[in-house]
Structures are given as structure tokens and as C-alpha cells.
Amino acid sequence: METINSSSLKSKMEVINDLKEILELVNDGKEGYQSASEATENPELKALFSKLSGERIVYAAELKEHIALHGEDAENDNGGILGGIHRTWLTIKQALSSKEDKAILSAITTGEKAALQKYDTCIADYTDHADHITLLTEQREGIRSALSEIESRIVQENS
């Protein structure tokens, strides 16, 4: 694995902070999917949400390992404050919607789109993120795939 180039425009710490922000979003996703799994009565959605939560656990482990390879600590097992706000909103929306699956699915898309934006920003910054571009690209593809599946479920709910 290459090390972060000293010629990068960002400092090593700024690059690591980008990865830590992604880690927070991944943990937000994990917790959001766990909450959604507990809230739905639909066995198919419960299984899907559990599967996607498990994927986020793997992503978090990969990011932590990568951050550690660069000499930094990444002990965040919880999401960030914005994720906390999103999870709170998801809980409120579930309660107001009588745990309607459509509302849960719609709320999840918000979190997944935020994660994709952060991944896109880091991937576009190839010079500073070249040593972990493969990891970011693979994880981004997994999140994009999950978002597509969630959006197709929304279409089904609307039918």
C-alpha cells in the first residue's frame, strides 16, 4: 500500500479526517439500518435492513484498518452528530407515520445520498486519496447499490 504523498494538497491529517468522516457516515448507516429493521413489520424489509447493516459493519472495519495503517486511531463505533440528528428524525417520522415502510425507506435514502456525496468528494480528490481510492470506490458502489434497492422498494410501495 502506498503512503499518503507529501506532495498532496491536503495534509496527512486532513486526508485521515476525510476517512474518519466517511467512517461516521458508515456507522450512521449501520445504526439507521438497525433501527429500520427493528421498526418494520415486513420480514423482507427486516432481512434487507439487517443485511445492509452488516455490510456497513464490514465497511467500518475496512476503514478503521486503513486509518490505522496510516498511524491514526479510529475508534468511532457510532455515527456522527449529523447522523444522530438523522436517526432522531427517522424515529420521529416512523412514529408519526405509524411505522409505515414507505416513510422508513424514504428516510433511509437521505442518509445514503449523504454518504454517496462524501464518497464522491473524496474519490474526485484523487491526488490526496490515491492510496485508498480502490477501497472508497468499492464501498461507494455498495452504497449506490443499496440506495438503488431502497429506491426500487419505494416504487413497489407506491404501486
# chains A, B, ... in the order shown; residues from 1 in each chain; ligands from 1
>>> residues_around(residues="stretch 9-22 of chain A", least_positions_apart="4", cutoff="9 Å", atoms="only C-alpha atoms", output="list in words")
Ile4, Asn5, Val26, Asn27, Ala60, Leu63, Lys64, His66, Ile67, His70, Glu72, Ala74, Asn76, Gly80, Ala115, Lys118, Tyr119, Cys122, Thr127, Asp128 and His129 of chain A
>>> residues_around(residues="A:Ile57", least_positions_apart="4", cutoff="9 Å", atoms="only C-alpha atoms", output="PyMOL selection string")
chain A and resi 26-27+30+52-53+61-62
>>> write_last_selection(atoms="N, CA and C atoms", output="mmCIF file, in the first residue's frame")
data_model
loop_
_atom_site.group_PDB
_atom_site.id
_atom_site.type_symbol
_atom_site.label_atom_id
_atom_site.label_comp_id
_atom_site.auth_asym_id
_atom_site.auth_seq_id
_atom_site.Cartn_x
_atom_site.Cartn_y
_atom_site.Cartn_z
ATOM 1 N N VAL A 26 -20.692 5.818 7.639
ATOM 2 C CA VAL A 26 -20.894 4.366 7.556
ATOM 3 C C VAL A 26 -21.541 3.867 8.842
ATOM 4 N N ASN A 27 -21.061 4.358 9.981
ATOM 5 C CA ASN A 27 -21.659 3.963 11.260
ATOM 6 C C ASN A 27 -23.081 4.484 11.398
ATOM 7 N N LYS A 30 -25.129 2.045 9.496
ATOM 8 C CA LYS A 30 -25.286 0.802 10.271
ATOM 9 C C LYS A 30 -26.389 0.970 11.310
ATOM 10 N N LEU A 52 -27.968 -4.963 5.063
ATOM 11 C CA LEU A 52 -27.277 -3.713 4.781
ATOM 12 C C LEU A 52 -26.550 -3.174 6.014
ATOM 13 N N SER A 53 -27.103 -3.392 7.186
ATOM 14 C CA SER A 53 -26.410 -3.022 8.413
ATOM 15 C C SER A 53 -25.111 -3.823 8.538
ATOM 16 N N ALA A 61 -15.055 -1.630 9.510
ATOM 17 C CA ALA A 61 -13.831 -2.356 9.854
ATOM 18 C C ALA A 61 -12.732 -2.078 8.826
ATOM 19 N N GLU A 62 -13.107 -2.059 7.553
ATOM 20 C CA GLU A 62 -12.117 -1.779 6.500
ATOM 21 C C GLU A 62 -11.557 -0.368 6.639
#
>>> closest_residue(among="A:Glu141, A:Asp131, A:Glu24, A:Glu100", to="A:Leu116", atoms="only C-alpha atoms")
A:Glu141
>>> atom_distance(atom1="atom CA of A:Tyr126", atom2="atom CA of A:Ser148")
25.3 Å
>>> closest_residue(among="A:Asp73, A:Glu157, A:Glu44, A:Glu65", to="A:Leu135", atoms="only C-alpha atoms")
A:Glu65
>>> residues_around(residues="A:Glu112", least_positions_apart="6", cutoff="9 Å", atoms="only C-alpha atoms", output="compact mmCIF listing (two decimals) with N, CA and C atoms, in the first residue's frame")
# COMPACT_ATOMS: atom_id res chain seq x y z
N LEU A 25 -20.23 8.35 8.73
CA LEU A 25 -21.40 8.13 7.87
C LEU A 25 -21.72 6.65 7.74
N GLY A 29 -25.11 4.78 8.91
CA GLY A 29 -25.87 3.85 8.09
C GLY A 29 -26.14 2.55 8.82
N ILE A 143 -22.83 1.15 -1.53
CA ILE A 143 -23.85 2.08 -1.05
C ILE A 143 -24.79 2.48 -2.18
N ARG A 144 -24.24 2.71 -3.37
CA ARG A 144 -25.07 3.05 -4.52
C ARG A 144 -26.04 1.91 -4.83
N ALA A 146 -27.15 -0.34 -2.67
CA ALA A 146 -28.14 -0.36 -1.60
C ALA A 146 -29.20 0.72 -1.84
N LEU A 147 -28.75 1.91 -2.23
CA LEU A 147 -29.68 3.00 -2.50
C LEU A 147 -30.63 2.63 -3.64
>>> closest_residue(among="A:Ile150, A:Ala47, A:Leu69, A:Leu23", to="A:Leu105", atoms="only C-alpha atoms")
A:Ile150
>>> residues_around(residues="A:Ile123", least_positions_apart="5", cutoff="8 Å", atoms="only C-alpha atoms", output="ChimeraX atom specification")
/A:129,133,136-137
>>> write_last_selection(atoms="all heavy atoms", output="mmCIF file, in the first residue's frame")
data_model
loop_
_atom_site.group_PDB
_atom_site.id
_atom_site.type_symbol
_atom_site.label_atom_id
_atom_site.label_comp_id
_atom_site.auth_asym_id
_atom_site.auth_seq_id
_atom_site.Cartn_x
_atom_site.Cartn_y
_atom_site.Cartn_z
ATOM 1 N N HIS A 129 -6.311 11.154 -2.214
ATOM 2 C CA HIS A 129 -6.900 9.888 -1.773
ATOM 3 C C HIS A 129 -6.483 8.700 -2.636
ATOM 4 O O HIS A 129 -7.112 7.640 -2.575
ATOM 5 C CB HIS A 129 -8.428 10.019 -1.729
ATOM 6 C CG HIS A 129 -8.900 10.959 -0.665
ATOM 7 N ND1 HIS A 129 -8.920 10.623 0.663
ATOM 8 C CD2 HIS A 129 -9.317 12.247 -0.733
ATOM 9 C CE1 HIS A 129 -9.348 11.657 1.369
ATOM 10 N NE2 HIS A 129 -9.593 12.658 0.553
ATOM 11 N N ILE A 133 -8.168 4.810 -2.966
ATOM 12 C CA ILE A 133 -9.232 5.036 -3.949
ATOM 13 C C ILE A 133 -10.006 3.757 -4.249
ATOM 14 O O ILE A 133 -11.223 3.786 -4.426
ATOM 15 C CB ILE A 133 -8.672 5.699 -5.233
ATOM 16 C CG1 ILE A 133 -9.758 6.491 -5.951
ATOM 17 C CG2 ILE A 133 -8.041 4.702 -6.173
ATOM 18 C CD1 ILE A 133 -10.015 7.833 -5.387
ATOM 19 N N LEU A 136 -12.449 3.122 -1.370
ATOM 20 C CA LEU A 136 -13.559 4.077 -1.424
ATOM 21 C C LEU A 136 -14.498 3.781 -2.588
ATOM 22 O O LEU A 136 -15.717 3.856 -2.439
ATOM 23 C CB LEU A 136 -13.021 5.509 -1.528
ATOM 24 C CG LEU A 136 -12.218 6.020 -0.336
ATOM 25 C CD1 LEU A 136 -11.718 7.434 -0.608
ATOM 26 C CD2 LEU A 136 -13.017 5.959 0.945
ATOM 27 N N THR A 137 -13.929 3.442 -3.728
ATOM 28 C CA THR A 137 -14.747 3.153 -4.909
ATOM 29 C C THR A 137 -15.616 1.913 -4.688
ATOM 30 O O THR A 137 -16.804 1.910 -5.038
ATOM 31 C CB THR A 137 -13.845 2.979 -6.146
ATOM 32 O OG1 THR A 137 -13.066 4.179 -6.313
ATOM 33 C CG2 THR A 137 -14.659 2.736 -7.403
#
>>> residues_around(residues="A:Lys102", least_positions_apart="5", cutoff="12 Å", atoms="only C-alpha atoms", output="ChimeraX atom specification")
/A:36,39-40,42,45,90,93-94,97,107-109,150-159
>>> atom_distance(atom1="atom CA of A:Asp101", atom2="atom CA of A:Glu31")
17.0 Å
>>> atom_distance(atom1="atom CA of A:Thr121", atom2="atom CA of A:Ser106")
23.3 Å
